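Following: one structure in structure tokens, then a few remarks.
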Amino acid sequence: FGQGRQLWTLRDAAPVVAAERRQQDLLAQVAHELRTPINGIVGLADRLERGEPRPEPKKKLGLLRNCSRRLAGLVEMIMDVSALRDGKLQLDISEGVNCNDICEEVFELMSTAVDKNNKPLVKKGIELLTDLEANLPVLTGDRDRLSQVIFNITNNALKFTAKGHVKLSTKTIGDAVRVTCSDTGQGIKKENIEKIFTAFGQEEE
């Protein structure tokens, strides 16, 4: 195939593909080594939380547990790159998935999280709100994947909202549950709608 005045062949591309595969395998190996200590932190935080009678320290230990679970999920996501490439990616389907619990966890995490510059994600002048329907039916699905999606969408909303609010809401629709993240941010330009669904694609800040 050609690009400009350069002519590329499959033989030319082979070293690039092999290098990319080695890089993915290395990332998967590193993620595998990280998984054990991170899971240890999750377990320790969970035990400390269950054994803590005081409400405020118990709440902080719960946040520590949720943050470490989120980190464990990111490690799993790195490992999924190789699994997806090899056609071995599987969802961890379980019963009893409660969308309200996930939204509340995301709310607590975002309320205390900071960005890469060590500044709060919830900026001054922004309200992080929830509107969760009571007695929401539990679902069958991959809880970690759902949590990952809600976390990323909420994080993105906070990033691109200068003032007003970001709100997580849930609502029963028949035998399904609708989770909505709404905000008072700048929105997405029509011409960039497709762009955000490409790898690492985003609107300009």
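Residue numbering restarts at 1 in every chain; chains get A, B, ... in the order shown in the structure tokens, and ligands count up from 1 in that same order.
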
Could you pull out the residues in range 51-134 of chain A that DSSP calls strand (DSSP E) from the backbone, as an mmCIF file with N, CA and C atoms, in the first residue's frame?
data_model
loop_
_atom_site.group_PDB
_atom_site.id
_atom_site.type_symbol
_atom_site.label_atom_id
_atom_site.label_comp_id
_atom_site.auth_asym_id
_atom_site.auth_seq_id
_atom_site.Cartn_x
_atom_site.Cartn_y
_atom_site.Cartn_z
ATOM 1 N N SER A 94 -22.013 -11.363 36.574
ATOM 2 C CA SER A 94 -22.495 -11.768 37.895
ATOM 3 C C SER A 94 -23.879 -11.177 38.127
ATOM 4 N N GLU A 95 -24.590 -11.734 39.092
ATOM 5 C CA GLU A 95 -25.915 -11.234 39.443
ATOM 6 C C GLU A 95 -25.799 -10.202 40.561
ATOM 7 N N GLY A 96 -26.888 -9.476 40.757
ATOM 8 C CA GLY A 96 -26.936 -8.535 41.873
ATOM 9 C C GLY A 96 -26.176 -7.243 41.652
ATOM 10 N N VAL A 97 -26.020 -6.805 40.388
ATOM 11 C CA VAL A 97 -25.336 -5.546 40.100
ATOM 12 C C VAL A 97 -26.293 -4.386 40.370
ATOM 13 N N ILE A 126 -18.391 24.110 40.951
ATOM 14 C CA ILE A 126 -19.030 22.928 40.373
ATOM 15 C C ILE A 126 -19.680 22.114 41.487
ATOM 16 N N GLU A 127 -20.909 21.709 41.277
ATOM 17 C CA GLU A 127 -21.578 20.797 42.199
ATOM 18 C C GLU A 127 -21.642 19.410 41.575
ATOM 19 N N LEU A 128 -21.261 18.411 42.350
ATOM 20 C CA LEU A 128 -21.401 17.021 41.926
ATOM 21 C C LEU A 128 -22.654 16.475 42.604
ATOM 22 N N LEU A 129 -23.648 16.119 41.800
ATOM 23 C CA LEU A 129 -24.956 15.752 42.324
ATOM 24 C C LEU A 129 -25.329 14.321 41.934
ATOM 25 N N THR A 130 -26.272 13.764 42.684
ATOM 26 C CA THR A 130 -26.854 12.469 42.303
ATOM 27 C C THR A 130 -28.383 12.573 42.403
ATOM 28 N N ASP A 131 -29.049 11.849 41.538
ATOM 29 C CA ASP A 131 -30.506 11.731 41.550
ATOM 30 C C ASP A 131 -30.815 10.260 41.272
ATOM 31 N N LEU A 132 -30.761 9.450 42.318
ATOM 32 C CA LEU A 132 -30.839 8.002 42.184
ATOM 33 C C LEU A 132 -32.221 7.498 42.581
#

Item to complete: For Leu61 in chain A, list every protein, DNA or RNA residue within 10 Å, evaluated using only C-alpha atoms, and leave out those in the same chain fewer than 2 positions away; present the list as a ChimeraX atom specification.
Response: /A:44-50,52,55-59,63-67

Atoms to include: C-alpha atoms. Write the selected residues as a PDB file, in the first residue's frame.
ATOM      1  CA  LEU A  44      -6.485  -5.160  53.643  1.00  0.00           C
ATOM      2  CA  ALA A  45      -8.597  -2.025  53.192  1.00  0.00           C
ATOM      3  CA  ASP A  46     -11.735  -4.148  53.162  1.00  0.00           C
ATOM      4  CA  ARG A  47     -10.814  -5.914  56.424  1.00  0.00           C
ATOM      5  CA  LEU A  48      -9.869  -2.645  58.122  1.00  0.00           C
ATOM      6  CA  GLU A  49     -13.141  -1.040  57.031  1.00  0.00           C
ATOM      7  CA  ARG A  50     -15.235  -3.931  58.356  1.00  0.00           C
ATOM      8  CA  GLU A  52     -13.605  -0.036  62.159  1.00  0.00           C
ATOM      9  CA  PRO A  55     -18.097   6.317  61.133  1.00  0.00           C
ATOM     10  CA  GLU A  56     -15.571   8.832  59.772  1.00  0.00           C
ATOM     11  CA  PRO A  57     -12.515   6.530  59.645  1.00  0.00           C
ATOM     12  CA  LYS A  58     -14.764   3.797  58.273  1.00  0.00           C
ATOM     13  CA  LYS A  59     -15.844   6.094  55.439  1.00  0.00           C
ATOM     14  CA  LEU A  63     -12.772   5.298  49.873  1.00  0.00           C
ATOM     15  CA  LEU A  64      -9.333   3.685  50.097  1.00  0.00           C
ATOM     16  CA  ARG A  65     -10.877   0.328  49.229  1.00  0.00           C
ATOM     17  CA  ASN A  66     -12.785   1.777  46.261  1.00  0.00           C
ATOM     18  CA  CYS A  67      -9.709   3.615  44.960  1.00  0.00           C
TER      19      CYS A  67
END

Discussion item. Quick check, in Å to one decimal: how far apart do CA of Pro37 in chain A and CA of Asn156 in chain A lie?
Written reply: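 Going from CA of Pro37 in chain A over to CA of Asn156 in chain A, I get 28.6 Å.
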